[in-house]
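Structure file protein_14.cif; described as mmCIF, C-alpha atoms.
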data_my_file
loop_
_atom_site.label_atom_id
_atom_site.label_comp_id
_atom_site.auth_asym_id
_atom_site.auth_seq_id
_atom_site.Cartn_x
_atom_site.Cartn_y
_atom_site.Cartn_z
CA MET A 722 96.75 -67.42 -139.15
CA PRO A 723 93.27 -68.93 -139.60
CA ASP A 724 90.41 -67.63 -137.43
CA TYR A 725 90.08 -70.93 -135.59
CA GLN A 726 91.83 -74.24 -134.97
CA LEU A 727 88.56 -76.06 -135.59
CA ALA A 728 85.32 -75.19 -137.37
CA ILE A 729 82.32 -77.46 -136.80
CA ILE A 730 79.68 -77.17 -139.52
CA GLY A 731 76.19 -77.92 -138.24
CA GLY A 732 74.49 -77.66 -134.85
CA GLY A 733 72.63 -80.94 -134.51
CA PRO A 734 73.62 -83.52 -131.88
CA ALA A 735 76.90 -84.45 -133.64
CA GLY A 736 77.97 -80.80 -133.93
CA LEU A 737 76.91 -79.90 -130.39
CA ALA A 738 78.79 -82.88 -128.94
CA ALA A 739 81.85 -81.91 -130.98
CA GLY A 740 81.51 -78.33 -129.69
CA LEU A 741 81.36 -79.59 -126.12
CA TYR A 742 84.43 -81.79 -126.50
CA ALA A 743 86.37 -79.11 -128.40
CA GLY A 744 85.65 -76.54 -125.70
CA ARG A 745 86.79 -78.87 -122.96
CA ALA A 746 89.91 -79.79 -124.94
CA GLY A 747 90.84 -76.12 -125.04
CA LEU A 748 90.70 -75.90 -128.83
CA LYS A 749 89.92 -72.54 -130.34
CA ALA A 750 86.75 -73.73 -132.02
CA VAL A 751 83.61 -72.38 -133.64
CA LEU A 752 80.30 -74.05 -134.37
CA THR A 753 78.54 -72.71 -137.44
CA GLU A 754 74.83 -73.18 -138.00
CA ARG A 755 72.60 -72.00 -140.81
CA LEU A 756 69.82 -71.27 -138.30
CA SER A 757 69.99 -71.86 -134.56
CA PRO A 758 71.14 -75.23 -133.20
CA GLY A 759 68.88 -78.23 -133.54
CA GLY A 760 68.92 -80.08 -136.80
CA GLN A 761 66.52 -82.91 -137.54
CA VAL A 762 66.00 -83.62 -133.85
CA LEU A 763 63.92 -80.45 -133.66
CA THR A 764 61.24 -82.16 -135.71
CA THR A 765 61.20 -85.30 -133.55
CA ASP A 766 58.25 -85.49 -131.21
CA TRP A 767 59.53 -87.77 -128.51
CA ILE A 768 62.88 -89.49 -127.98
CA GLU A 769 62.82 -92.70 -125.99
CA ASN A 770 66.14 -94.23 -126.97
CA TYR A 771 68.65 -91.65 -125.77
CA PRO A 772 70.18 -93.00 -122.56
CA GLY A 773 69.77 -90.96 -119.41
CA PHE A 774 66.14 -89.97 -119.97
CA PRO A 775 64.07 -92.92 -118.70
CA ASP A 776 60.78 -91.12 -119.33
CA GLY A 777 61.85 -89.89 -122.77
CA ILE A 778 62.43 -86.29 -123.78
CA SER A 779 61.22 -84.06 -126.61
CA GLY A 780 63.60 -83.33 -129.46
CA PHE A 781 63.28 -79.68 -128.57
CA ASP A 782 64.38 -80.09 -124.96
CA LEU A 783 67.18 -82.51 -125.72
CA VAL A 784 68.81 -80.12 -128.17
CA ASP A 785 68.35 -77.23 -125.75
CA ARG A 786 70.18 -79.19 -123.09
CA MET A 787 72.97 -80.16 -125.48
CA ALA A 788 73.44 -76.53 -126.52
CA ALA A 789 73.37 -75.31 -122.90
CA GLN A 790 76.01 -77.88 -121.97
CA MET A 791 78.26 -76.88 -124.86
CA ARG A 792 77.89 -73.21 -123.87
CA LYS A 793 79.41 -73.89 -120.47
CA PHE A 794 82.73 -74.17 -122.31
CA SER A 795 84.56 -71.95 -124.74
CA THR A 796 83.35 -72.98 -128.22
CA ASP A 797 82.10 -69.97 -130.22
CA GLU A 798 78.86 -70.03 -132.19
CA ARG A 799 78.15 -68.29 -135.47
CA VAL A 800 75.01 -68.11 -137.61
CA PHE A 801 76.81 -68.88 -140.84
CA GLU A 802 75.60 -70.91 -143.81
CA VAL A 803 78.47 -72.80 -145.44
CA ASN A 804 78.27 -72.81 -149.21
CA SER A 805 81.73 -74.05 -150.06
CA LEU A 806 84.86 -75.37 -148.48
CA GLU A 807 88.36 -75.09 -149.94
CA PHE A 808 91.98 -75.29 -148.89
CA GLU A 809 94.02 -72.09 -148.58
CA GLY A 810 97.52 -73.50 -148.66
CA GLU A 811 98.25 -76.78 -146.93
CA ASN A 812 96.89 -76.32 -143.43
CA GLU A 813 94.13 -73.78 -143.69
CA ILE A 814 90.55 -74.44 -144.74
CA LEU A 815 88.33 -71.62 -145.91
CA LEU A 816 84.55 -71.76 -145.46
CA ARG A 817 82.46 -69.43 -147.57
CA SER A 818 78.83 -68.35 -147.11
CA PRO A 819 76.40 -67.60 -149.97
CA THR A 820 76.76 -63.90 -149.16
CA GLY A 821 80.55 -64.08 -149.53
CA ASP A 822 81.52 -64.04 -145.86
CA THR A 823 84.42 -66.26 -144.97
CA LEU A 824 85.73 -68.14 -141.98
CA SER A 825 88.97 -70.09 -141.74
CA ALA A 826 90.19 -72.98 -139.64
CA ARG A 827 92.99 -75.56 -139.42
CA ALA A 828 90.52 -78.45 -139.28
CA VAL A 829 86.84 -78.92 -140.05
CA ILE A 830 84.21 -81.32 -138.75
CA VAL A 831 81.34 -81.69 -141.19
CA ALA A 832 78.20 -82.36 -139.15
CA THR A 833 75.63 -81.10 -141.62
CA GLY A 834 73.21 -83.96 -141.15
CA ALA A 835 70.56 -84.99 -143.60
CA ALA A 836 67.21 -83.90 -144.97
CA PRO A 837 64.03 -85.86 -145.67
CA ASN A 838 63.69 -87.48 -149.09
CA ARG A 839 60.90 -86.46 -151.41
CA LEU A 840 58.61 -89.17 -152.68
CA GLY A 841 59.01 -87.86 -156.21
CA VAL A 842 55.41 -88.18 -157.37
CA PRO A 843 53.18 -85.71 -159.22
CA GLY A 844 51.41 -83.25 -156.93
CA GLU A 845 53.99 -83.52 -154.17
CA GLU A 846 55.84 -80.29 -154.92
CA GLU A 847 52.72 -78.31 -155.85
CA LEU A 848 50.99 -79.27 -152.60
CA ALA A 849 53.99 -78.92 -150.25
CA GLY A 850 52.83 -76.75 -147.37
CA LYS A 851 49.23 -77.30 -148.50
CA GLY A 852 48.80 -80.71 -146.95
CA VAL A 853 52.04 -82.40 -147.99
CA SER A 854 54.40 -82.38 -145.01
CA TYR A 855 57.72 -83.81 -143.89
CA CYS A 856 57.31 -82.77 -140.23
CA ALA A 857 54.46 -84.16 -138.15
CA THR A 858 55.28 -82.13 -135.04
CA CYS A 859 55.26 -78.89 -137.08
CA ASP A 860 52.19 -79.45 -139.19
CA GLY A 861 50.17 -82.16 -137.41
CA PRO A 862 48.04 -79.65 -135.45
CA PHE A 863 46.65 -78.27 -138.74
CA PHE A 864 44.94 -81.64 -139.30
CA ARG A 865 42.98 -81.98 -136.08
CA ASP A 866 40.14 -84.52 -136.48
CA GLN A 867 40.99 -85.02 -140.16
CA VAL A 868 42.09 -88.06 -142.14
CA VAL A 869 45.75 -88.25 -143.18
CA ALA A 870 48.15 -90.59 -144.91
CA VAL A 871 51.64 -91.36 -143.64
CA VAL A 872 54.02 -92.79 -146.22
CA GLY A 873 56.92 -94.98 -145.10
CA GLY A 874 57.64 -97.95 -142.88
CA GLY A 875 60.72 -97.07 -140.86
CA ASP A 876 61.10 -95.70 -137.33
CA SER A 877 60.21 -92.14 -138.35
CA ALA A 878 57.05 -93.11 -140.22
CA VAL A 879 55.78 -95.20 -137.32
CA GLN A 880 56.88 -92.84 -134.54
CA GLU A 881 55.27 -89.87 -136.25
CA SER A 882 52.08 -91.88 -136.95
CA LEU A 883 51.84 -92.53 -133.23
CA PHE A 884 52.27 -88.80 -132.57
CA LEU A 885 49.63 -87.89 -135.17
CA SER A 886 47.19 -90.41 -133.68
CA LYS A 887 46.80 -88.02 -130.73
CA ILE A 888 45.57 -85.27 -133.06
CA VAL A 889 43.93 -86.62 -136.21
CA LYS A 890 40.84 -88.78 -136.70
CA LYS A 891 42.42 -91.54 -138.79
CA ILE A 892 45.79 -92.46 -140.25
CA TYR A 893 46.48 -94.66 -143.26
CA LEU A 894 50.07 -95.83 -142.93
CA ILE A 895 51.08 -96.61 -146.49
CA HIS A 896 54.01 -98.96 -146.89
CA ARG A 897 55.41 -100.52 -150.03
CA ARG A 898 56.36 -103.82 -148.41
CA ASP A 899 54.47 -106.45 -146.41
CA GLU A 900 56.34 -105.72 -143.19
CA LEU A 901 57.58 -102.61 -141.39
CA ARG A 902 61.24 -101.74 -140.95
CA ALA A 903 60.62 -99.88 -137.67
CA VAL A 904 61.85 -101.39 -134.40
CA LYS A 905 59.55 -104.00 -132.84
CA TRP A 906 58.51 -101.75 -129.96
CA LEU A 907 57.14 -99.13 -132.34
CA GLN A 908 55.51 -101.72 -134.59
CA GLU A 909 53.57 -103.23 -131.72
CA ARG A 910 52.26 -99.86 -130.65
CA ALA A 911 51.19 -99.06 -134.21
CA PHE A 912 49.40 -102.41 -134.58
CA SER A 913 47.42 -101.84 -131.39
CA ASN A 914 46.53 -98.20 -132.17
CA PRO A 915 42.88 -98.07 -133.27
CA LYS A 916 43.42 -94.94 -135.37
CA ILE A 917 46.20 -96.44 -137.50
CA GLU A 918 45.31 -98.62 -140.48
CA ILE A 919 48.27 -100.05 -142.36
CA LEU A 920 47.96 -100.40 -146.12
CA TRP A 921 50.56 -103.02 -147.07
CA ASP A 922 52.32 -103.45 -150.42
CA SER A 923 51.06 -100.06 -151.48
CA VAL A 924 52.68 -97.09 -153.16
CA VAL A 925 51.46 -93.54 -153.65
CA GLU A 926 51.61 -92.72 -157.34
CA LYS A 927 50.10 -89.25 -157.23
CA ILE A 928 48.86 -86.68 -154.77
CA ASN A 929 45.66 -84.94 -155.85
CA GLY A 930 44.27 -81.56 -154.87
CA SER A 931 44.19 -77.91 -155.86
CA GLU A 932 44.04 -75.57 -152.84
CA GLY A 933 44.91 -78.45 -150.52
CA VAL A 934 45.41 -82.21 -150.58
CA GLU A 935 42.21 -84.07 -151.46
CA SER A 936 43.37 -87.63 -152.08
CA VAL A 937 46.28 -89.90 -152.88
CA HIS A 938 46.32 -92.27 -155.81
CA LEU A 939 47.37 -95.67 -154.51
CA LYS A 940 48.55 -98.76 -156.23
CA ASN A 941 48.76 -102.17 -154.62
CA LYS A 942 51.97 -103.76 -155.84
CA LYS A 943 50.77 -107.32 -155.38
CA SER A 944 47.25 -107.16 -156.80
CA GLY A 945 47.99 -104.35 -159.26
CA GLU A 946 44.77 -102.60 -158.22
CA SER A 947 44.72 -98.85 -157.92
CA ARG A 948 42.33 -96.39 -156.31
CA ASP A 949 41.99 -92.87 -154.94
CA LEU A 950 42.07 -92.65 -151.16
CA PRO A 951 40.54 -89.42 -149.79
CA VAL A 952 42.87 -87.72 -147.25
CA GLN A 953 43.48 -84.13 -146.22
CA GLY A 954 47.14 -84.50 -145.41
CA VAL A 955 50.12 -86.58 -146.53
CA PHE A 956 53.10 -86.98 -144.22
CA ILE A 957 56.15 -88.37 -145.97
CA PHE A 958 58.93 -90.29 -144.16
CA VAL A 959 60.78 -92.22 -146.84
CA GLY A 960 64.36 -91.91 -145.73
CA ILE A 961 66.90 -89.13 -145.80
CA HIS A 962 69.66 -87.77 -148.01
CA PRO A 963 72.87 -86.17 -146.69
CA ASN A 964 73.48 -82.41 -146.78
CA THR A 965 76.85 -82.86 -148.42
CA GLY A 966 76.38 -81.26 -151.84
CA PHE A 967 78.63 -78.32 -150.95
CA LEU A 968 81.67 -80.49 -150.26
CA PRO A 969 84.48 -80.66 -152.84
CA GLU A 970 84.83 -83.72 -155.07
CA THR A 971 88.09 -84.65 -153.33
CA ILE A 972 86.17 -85.75 -150.24
CA LYS A 973 85.12 -89.34 -150.82
CA LYS A 974 81.41 -90.12 -150.57
CA ASP A 975 79.37 -93.28 -151.08
CA ALA A 976 76.89 -93.74 -153.93
CA ARG A 977 74.17 -91.89 -151.99
CA GLY A 978 76.40 -88.95 -151.03
CA PHE A 979 77.22 -89.91 -147.45
CA VAL A 980 80.78 -89.00 -146.44
CA VAL A 981 83.19 -91.90 -146.01
CA THR A 982 85.51 -91.71 -142.99
CA ASP A 983 87.96 -93.86 -141.07
CA GLU A 984 87.40 -94.80 -137.43
CA TRP A 985 88.77 -91.43 -136.31
CA MET A 986 86.01 -89.81 -138.42
CA GLN A 987 88.60 -88.42 -140.82
CA THR A 988 87.49 -88.14 -144.43
CA SER A 989 89.65 -88.94 -147.45
CA VAL A 990 91.08 -85.42 -147.06
CA ARG A 991 93.41 -84.78 -144.12
CA GLY A 992 92.09 -82.19 -141.68
CA ILE A 993 88.48 -82.70 -142.69
CA TYR A 994 86.32 -84.91 -140.50
CA ALA A 995 82.66 -85.92 -140.59
CA ALA A 996 80.20 -86.91 -137.87
CA GLY A 997 76.52 -87.70 -137.54
CA ASP A 998 73.90 -88.39 -140.18
CA CYS A 999 75.97 -87.03 -143.09
CA ARG A 1000 78.48 -89.87 -142.60
CA ALA A 1001 78.36 -93.25 -144.36
CA LYS A 1002 77.47 -95.81 -141.66
CA PRO A 1003 74.96 -98.49 -140.73
CA LEU A 1004 73.09 -96.76 -137.88
CA ARG A 1005 71.76 -93.18 -137.75
CA GLN A 1006 70.72 -92.30 -134.21
CA ILE A 1007 71.30 -89.42 -131.80
CA VAL A 1008 73.37 -91.75 -129.67
CA SER A 1009 75.70 -92.54 -132.59
CA ALA A 1010 75.86 -88.90 -133.73
CA VAL A 1011 77.14 -87.64 -130.37
CA CYS A 1012 79.68 -90.43 -130.20
CA GLU A 1013 81.05 -89.52 -133.61
CA GLY A 1014 81.17 -85.82 -132.73
CA ALA A 1015 83.34 -86.63 -129.72
CA THR A 1016 85.53 -89.03 -131.68
CA ALA A 1017 86.06 -86.49 -134.47
CA VAL A 1018 87.33 -83.90 -131.97
CA TYR A 1019 89.74 -86.49 -130.59
CA GLY A 1020 90.93 -87.07 -134.16
CA VAL A 1021 91.33 -83.33 -134.73
CA GLU A 1022 93.38 -82.97 -131.54
CA HIS A 1023 95.79 -85.64 -132.72
CA TYR A 1024 95.98 -84.13 -136.18
CA LEU A 1025 96.79 -80.65 -134.85
CA THR A 1026 99.35 -81.99 -132.37
CA GLU A 1027 101.06 -83.96 -135.10
CA LEU A 1028 101.35 -80.87 -137.25
CA GLY A 1029 102.42 -78.75 -134.30
CA LEU A 1030 99.48 -76.37 -134.87
CA MET B 1124 67.83 -55.58 -129.13
CA ALA B 1125 66.80 -57.05 -132.47
CA GLU B 1126 63.68 -58.62 -130.96
CA GLU B 1127 62.21 -55.14 -130.40
CA LYS B 1128 62.16 -54.56 -134.15
CA VAL B 1129 59.93 -57.56 -134.81
CA LEU B 1130 56.30 -56.61 -135.27
CA HIS B 1131 53.79 -58.93 -133.57
CA VAL B 1132 50.55 -59.21 -135.49
CA THR B 1133 47.23 -60.84 -134.62
CA ASP B 1134 44.01 -61.67 -136.47
CA ALA B 1135 42.59 -58.43 -135.09
CA ASP B 1136 45.29 -56.08 -136.37
CA PHE B 1137 46.46 -57.98 -139.48
CA GLU B 1138 44.51 -55.63 -141.76
CA ALA B 1139 45.98 -52.50 -140.17
CA LYS B 1140 49.55 -53.70 -139.68
CA VAL B 1141 50.06 -55.85 -142.81
CA VAL B 1142 47.42 -55.25 -145.50
CA ASN B 1143 47.45 -51.45 -145.12
CA SER B 1144 51.15 -51.14 -144.34
CA GLU B 1145 53.18 -48.50 -146.16
CA LEU B 1146 56.22 -50.78 -146.07
CA PRO B 1147 56.36 -54.30 -147.49
CA VAL B 1148 55.85 -56.81 -144.66
CA LEU B 1149 57.36 -60.27 -144.19
CA VAL B 1150 55.18 -62.34 -141.85
CA ASP B 1151 56.60 -65.41 -140.11
CA PHE B 1152 53.73 -67.75 -139.20
CA TRP B 1153 54.88 -69.85 -136.26
CA ALA B 1154 53.82 -71.79 -133.15
CA ALA B 1155 55.46 -72.76 -129.89
CA TRP B 1156 55.18 -76.48 -130.69
CA CYS B 1157 57.18 -76.19 -133.90
CA GLY B 1158 60.92 -76.91 -133.59
CA PRO B 1159 62.01 -75.49 -136.94
CA CYS B 1160 60.06 -72.29 -136.14
CA ARG B 1161 62.29 -71.88 -133.15
CA ALA B 1162 65.39 -72.56 -135.24
CA ILE B 1163 64.50 -69.81 -137.69
CA ALA B 1164 63.55 -67.23 -135.02
CA PRO B 1165 67.05 -65.68 -134.58
CA VAL B 1166 67.30 -65.15 -138.35
CA ILE B 1167 63.93 -63.34 -138.33
CA GLU B 1168 65.19 -61.10 -135.53
CA GLU B 1169 68.40 -60.33 -137.41
CA LEU B 1170 66.46 -59.45 -140.56
CA ALA B 1171 64.17 -57.17 -138.53
CA ALA B 1172 67.19 -55.17 -137.39
CA GLU B 1173 68.91 -55.15 -140.80
CA TYR B 1174 65.83 -54.20 -142.86
CA ASP B 1175 64.53 -51.67 -140.33
CA GLY B 1176 62.72 -48.91 -142.23
CA LYS B 1177 62.77 -50.89 -145.51
CA VAL B 1178 60.74 -54.04 -144.86
CA ALA B 1179 58.64 -54.63 -141.74
CA ILE B 1180 59.39 -58.06 -140.28
CA ALA B 1181 56.46 -59.55 -138.41
CA LYS B 1182 55.47 -62.72 -136.56
CA MET B 1183 52.06 -64.28 -136.13
CA ASN B 1184 51.36 -67.10 -133.67
CA VAL B 1185 49.05 -69.50 -135.56
CA ASP B 1186 47.85 -71.09 -132.34
CA GLU B 1187 46.45 -67.84 -131.02
CA ASN B 1188 45.39 -66.51 -134.43
CA PRO B 1189 43.70 -69.19 -136.53
CA VAL B 1190 41.80 -66.91 -138.95
CA THR B 1191 44.61 -65.35 -140.96
CA PRO B 1192 46.60 -68.59 -141.53
CA GLY B 1193 43.33 -70.22 -142.64
CA LYS B 1194 42.74 -67.42 -145.13
CA PHE B 1195 46.13 -68.03 -146.72
CA GLY B 1196 45.73 -71.82 -146.70
CA ILE B 1197 48.66 -72.34 -144.38
CA ARG B 1198 48.98 -76.00 -143.42
CA ALA B 1199 52.68 -76.08 -142.61
CA ILE B 1200 54.96 -73.97 -140.46
CA PRO B 1201 57.17 -72.12 -140.45
CA THR B 1202 55.66 -70.34 -143.43
CA LEU B 1203 56.95 -66.92 -144.43
CA ILE B 1204 54.74 -64.71 -146.57
CA LEU B 1205 56.00 -61.48 -148.07
CA PHE B 1206 53.29 -58.86 -148.63
CA LYS B 1207 53.47 -55.66 -150.62
CA ASP B 1208 50.48 -53.32 -150.86
CA GLY B 1209 48.40 -56.03 -149.20
CA LYS B 1210 49.24 -58.62 -151.85
CA VAL B 1211 51.27 -61.82 -151.55
CA VAL B 1212 54.60 -61.44 -153.36
CA GLU B 1213 56.27 -64.63 -152.18
CA GLN B 1214 55.53 -67.59 -149.92
CA ILE B 1215 58.26 -69.78 -148.42
CA THR B 1216 57.59 -72.92 -146.41
CA GLY B 1217 60.12 -74.50 -144.08
CA ALA B 1218 63.12 -73.36 -142.06
CA VAL B 1219 65.19 -71.97 -144.91
CA GLY B 1220 68.49 -70.11 -144.57
CA LYS B 1221 68.88 -66.36 -144.33
CA ALA B 1222 70.22 -66.01 -147.89
CA MET B 1223 67.04 -67.48 -149.36
CA ILE B 1224 64.83 -65.09 -147.37
CA GLU B 1225 66.99 -62.14 -148.40
CA ASN B 1226 66.61 -63.16 -152.07
CA ALA B 1227 62.85 -62.88 -151.62
CA LEU B 1228 63.17 -59.50 -149.89
CA GLN B 1229 65.09 -58.13 -152.89
CA LYS B 1230 61.86 -58.36 -154.89
CA VAL B 1231 60.23 -55.61 -152.88
CA LEU B 1232 63.16 -53.27 -152.31
#
Take the structure in this file and express it as structure tokens.
Amino acid sequence: MPDYQLAIIGGGPAGLAAGLYAGRAGLKAVLTERLSPGGQVLTTDWIENYPGFPDGISGFDLVDRMAAQMRKFSTDERVFEVNSLEFEGENEILLRSPTGDTLSARAVIVATGAAPNRLGVPGEEELAGKGVSYCATCDGPFFRDQVVAVVGGGDSAVQESLFLSKIVKKIYLIHRRDELRAVKWLQERAFSNPKIEILWDSVVEKINGSEGVESVHLKNKKSGESRDLPVQGVFIFVGIHPNTGFLPETIKKDARGFVVTDEWMQTSVRGIYAAGDCRAKPLRQIVSAVCEGATAVYGVEHYLTELGL
Amino acid sequence: MAEEKVLHVTDADFEAKVVNSELPVLVDFWAAWCGPCRAIAPVIEELAAEYDGKVAIAKMNVDENPVTPGKFGIRAIPTLILFKDGKVVEQITGAVGKAMIENALQKVL
């Protein structure tokens, strides 16, 4: 007999919603998390698009509430980093940690989320933690009254620029195109923020500095001109990549590594489901993650009933 | 409780508790406003209990203690620095998993 009917890997919004629904469905379920619950939401300053919170809510508080709600029901929680996943016979899945601990379940929901992309330019790795950052809420306060660059043009880049504008002296928002991808509401607030200057059609080719960031080397894609822009910090928000490297080849993924599922959230392998940012889909939001977590549990319930497990 | 094993250090007692420590010391630089710092906190507490007597596991609030983080050039949190005989052995930035921290701890055992 496996330890659980269902193991949920990852404690972000998708995993916590799955844990809530699994508990209420009476499944013997466990939620595993590498650290404590949260995921990417923990690095989000302010969430204004999750229904039910008309004044917005911090990423922190939202996750706390989701975890508290899940804990009202019977889903177990384990601090357990999943390193590999394999079948033990036909209807038992074995999860293994890097230290060799194991955990087994009839079905698995992969809700491992995603991580920020690197820019992939010289100086980025060397200066990580020394002025190069992927989390404005974590590291912004180290740059009080200083000049920073934000790289990107999507919701995260703009949202986090707005957050940083409350702390730093000036922000150069560096974007490779001539228009932002962020939603209109965020764009308008960025345009009217006196601390934010947008550098269009520009790419960072190098980050300079020794003990800390001193400047970024910029190139304008249209004019071909390049120059060094003095900044003390560089915040990078250029998309995400899924945390799916540990999954076996048999689980179908798209070209970028996101897990492909059907509308029940089942992957190409029976008994294994995926929900949230690690899944191939058009929209990555908290509101879609929780929906998929709930749907995946519904799928698991049907799967287990069908097998009589 | 694991929390009782975690050493809390400040700018004032950093020299005494970390630099002059008999045991190697892992210091977790954190702040209340940092989400990932909160995510990693239970792992730090577990390590404090598991490495009791072998490695001292400490936390320093960077908001209340600006001098020491400045000295080590910390501009991102969480940052974990492992000290042995007052010297930096390893520095890890970000909310990494327990296995990665334990790999670092092996260097001083």
Picked residues, the PyMOL selection byres ((chain A) within 9 of (chain B)), as a PyMOL selection string
chain A and resi 755-765+780-781+800+802+818-820+849-854+856+858-864+932-933+954
Selection in question (the file shown): the PyMOL selection byres ((chain B and resi 1128) around 10). Which residues does it include, as a ChimeraX atom specification?
/B:1124-1127,1129-1131,1167-1176,1179-1181
Go ahead and compute the interatomic distance for CA of Lys887 in chain A and CA of Lys916 in chain A, in Å to one decimal.
9.0 Å
I'd like to see the residues matched by the PyMOL selection byres ((chain B and resi 1209) around 9) on this file, and ideally I'd get them as a PDB file with C-alpha atoms, keeping the file's coordinate frame.
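The result, stored in out.pdb:
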ATOM      1  CA  GLU B1138      44.510 -55.630-141.760  1.00  0.00           C
ATOM      2  CA  VAL B1141      50.060 -55.850-142.810  1.00  0.00           C
ATOM      3  CA  VAL B1142      47.420 -55.250-145.500  1.00  0.00           C
ATOM      4  CA  ASN B1143      47.450 -51.450-145.120  1.00  0.00           C
ATOM      5  CA  SER B1144      51.150 -51.140-144.340  1.00  0.00           C
ATOM      6  CA  PRO B1147      56.360 -54.300-147.490  1.00  0.00           C
ATOM      7  CA  VAL B1148      55.850 -56.810-144.660  1.00  0.00           C
ATOM      8  CA  PHE B1206      53.290 -58.860-148.630  1.00  0.00           C
ATOM      9  CA  LYS B1207      53.470 -55.660-150.620  1.00  0.00           C
ATOM     10  CA  ASP B1208      50.480 -53.320-150.860  1.00  0.00           C
ATOM     11  CA  LYS B1210      49.240 -58.620-151.850  1.00  0.00           C
ATOM     12  CA  VAL B1211      51.270 -61.820-151.550  1.00  0.00           C
TER      13      VAL B1211
END
So which residues are close to (84.8, -70.1, -137.7), meaning at most 9 Å away in the file's coordinates with all atoms listed in the file counted, and can you show them as a JSON list (two decimals) with C-alpha atoms, keeping the file's coordinate frame?
[["chain", "number", "residue", "atom", "x", "y", "z"],
["A", 723, "PRO", "CA", 93.27, -68.93, -139.60],
["A", 724, "ASP", "CA", 90.41, -67.63, -137.43],
["A", 725, "TYR", "CA", 90.08, -70.93, -135.59],
["A", 726, "GLN", "CA", 91.83, -74.24, -134.97],
["A", 727, "LEU", "CA", 88.56, -76.06, -135.59],
["A", 728, "ALA", "CA", 85.32, -75.19, -137.37],
["A", 729, "ILE", "CA", 82.32, -77.46, -136.80],
["A", 730, "ILE", "CA", 79.68, -77.17, -139.52],
["A", 750, "ALA", "CA", 86.75, -73.73, -132.02],
["A", 751, "VAL", "CA", 83.61, -72.38, -133.64],
["A", 752, "LEU", "CA", 80.30, -74.05, -134.37],
["A", 753, "THR", "CA", 78.54, -72.71, -137.44],
["A", 797, "ASP", "CA", 82.10, -69.97, -130.22],
["A", 798, "GLU", "CA", 78.86, -70.03, -132.19],
["A", 799, "ARG", "CA", 78.15, -68.29, -135.47],
["A", 801, "PHE", "CA", 76.81, -68.88, -140.84],
["A", 816, "LEU", "CA", 84.55, -71.76, -145.46],
["A", 823, "THR", "CA", 84.42, -66.26, -144.97],
["A", 824, "LEU", "CA", 85.73, -68.14, -141.98],
["A", 825, "SER", "CA", 88.97, -70.09, -141.74],
["A", 826, "ALA", "CA", 90.19, -72.98, -139.64]]
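If you look at CA of Val1021 in chain A and CA of Ser1009 in chain A, they are 18.3 Å away from each other.
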Could you please determine the separation between CA of Ser795 in chain A and CA of Tyr742 in chain A in Å, to one decimal place?
10.0 Å
Looking at all atoms listed in the file, which of A:Tyr771, A:Phe956, A:Phe979, A:Phe967 is the one that sits closest to Ala835 in chain A?
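That would be A:Phe979, the residue with the smallest distance to Ala835 in chain A.
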For Leu783 in chain A, which residue among A:Val1008, A:Ala828, A:Leu815, A:Leu1030 is the nearest when counting only C-alpha atoms?
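Looking at the shortest contact to Leu783 in chain A, the residue is A:Val1008.
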Please give the centre and size of the box around range 962-973 of chain A (axis-aligned, containing every atom listed in the file, 5 Å added per side), with values in Å to one decimal and written as JSON.
{"center_x": 78.9, "center_y": -83.8, "center_z": -150.9, "size_x": 28.4, "size_y": 21.0, "size_z": 18.4}
Nearest residue to Gln867 in chain A out of A:Leu840, A:Leu907, A:Leu885, A:Val1018, using only C-alpha atoms?
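The closest residue to Gln867 in chain A is A:Leu885.
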Give as an mmCIF file with C-alpha atoms, in the coordinates of the input the set of residues within 12 Å of the point (53.8, -101.8, -146.1), where distances use the file's coordinates and only C-alpha atoms.
data_model
loop_
_atom_site.group_PDB
_atom_site.id
_atom_site.type_symbol
_atom_site.label_atom_id
_atom_site.label_comp_id
_atom_site.auth_asym_id
_atom_site.auth_seq_id
_atom_site.Cartn_x
_atom_site.Cartn_y
_atom_site.Cartn_z
ATOM 1 C CA VAL A 871 51.640 -91.360 -143.640
ATOM 2 C CA VAL A 872 54.020 -92.790 -146.220
ATOM 3 C CA GLY A 873 56.920 -94.980 -145.100
ATOM 4 C CA GLY A 874 57.640 -97.950 -142.880
ATOM 5 C CA GLY A 875 60.720 -97.070 -140.860
ATOM 6 C CA ALA A 878 57.050 -93.110 -140.220
ATOM 7 C CA VAL A 879 55.780 -95.200 -137.320
ATOM 8 C CA TYR A 893 46.480 -94.660 -143.260
ATOM 9 C CA LEU A 894 50.070 -95.830 -142.930
ATOM 10 C CA ILE A 895 51.080 -96.610 -146.490
ATOM 11 C CA HIS A 896 54.010 -98.960 -146.890
ATOM 12 C CA ARG A 897 55.410 -100.520 -150.030
ATOM 13 C CA ARG A 898 56.360 -103.820 -148.410
ATOM 14 C CA ASP A 899 54.470 -106.450 -146.410
ATOM 15 C CA GLU A 900 56.340 -105.720 -143.190
ATOM 16 C CA LEU A 901 57.580 -102.610 -141.390
ATOM 17 C CA ARG A 902 61.240 -101.740 -140.950
ATOM 18 C CA ALA A 903 60.620 -99.880 -137.670
ATOM 19 C CA GLN A 908 55.510 -101.720 -134.590
ATOM 20 C CA GLU A 918 45.310 -98.620 -140.480
ATOM 21 C CA ILE A 919 48.270 -100.050 -142.360
ATOM 22 C CA LEU A 920 47.960 -100.400 -146.120
ATOM 23 C CA TRP A 921 50.560 -103.020 -147.070
ATOM 24 C CA ASP A 922 52.320 -103.450 -150.420
ATOM 25 C CA SER A 923 51.060 -100.060 -151.480
ATOM 26 C CA VAL A 924 52.680 -97.090 -153.160
ATOM 27 C CA VAL A 925 51.460 -93.540 -153.650
ATOM 28 C CA LYS A 940 48.550 -98.760 -156.230
ATOM 29 C CA ASN A 941 48.760 -102.170 -154.620
ATOM 30 C CA LYS A 942 51.970 -103.760 -155.840
ATOM 31 C CA LYS A 943 50.770 -107.320 -155.380
ATOM 32 C CA VAL A 959 60.780 -92.220 -146.840
#
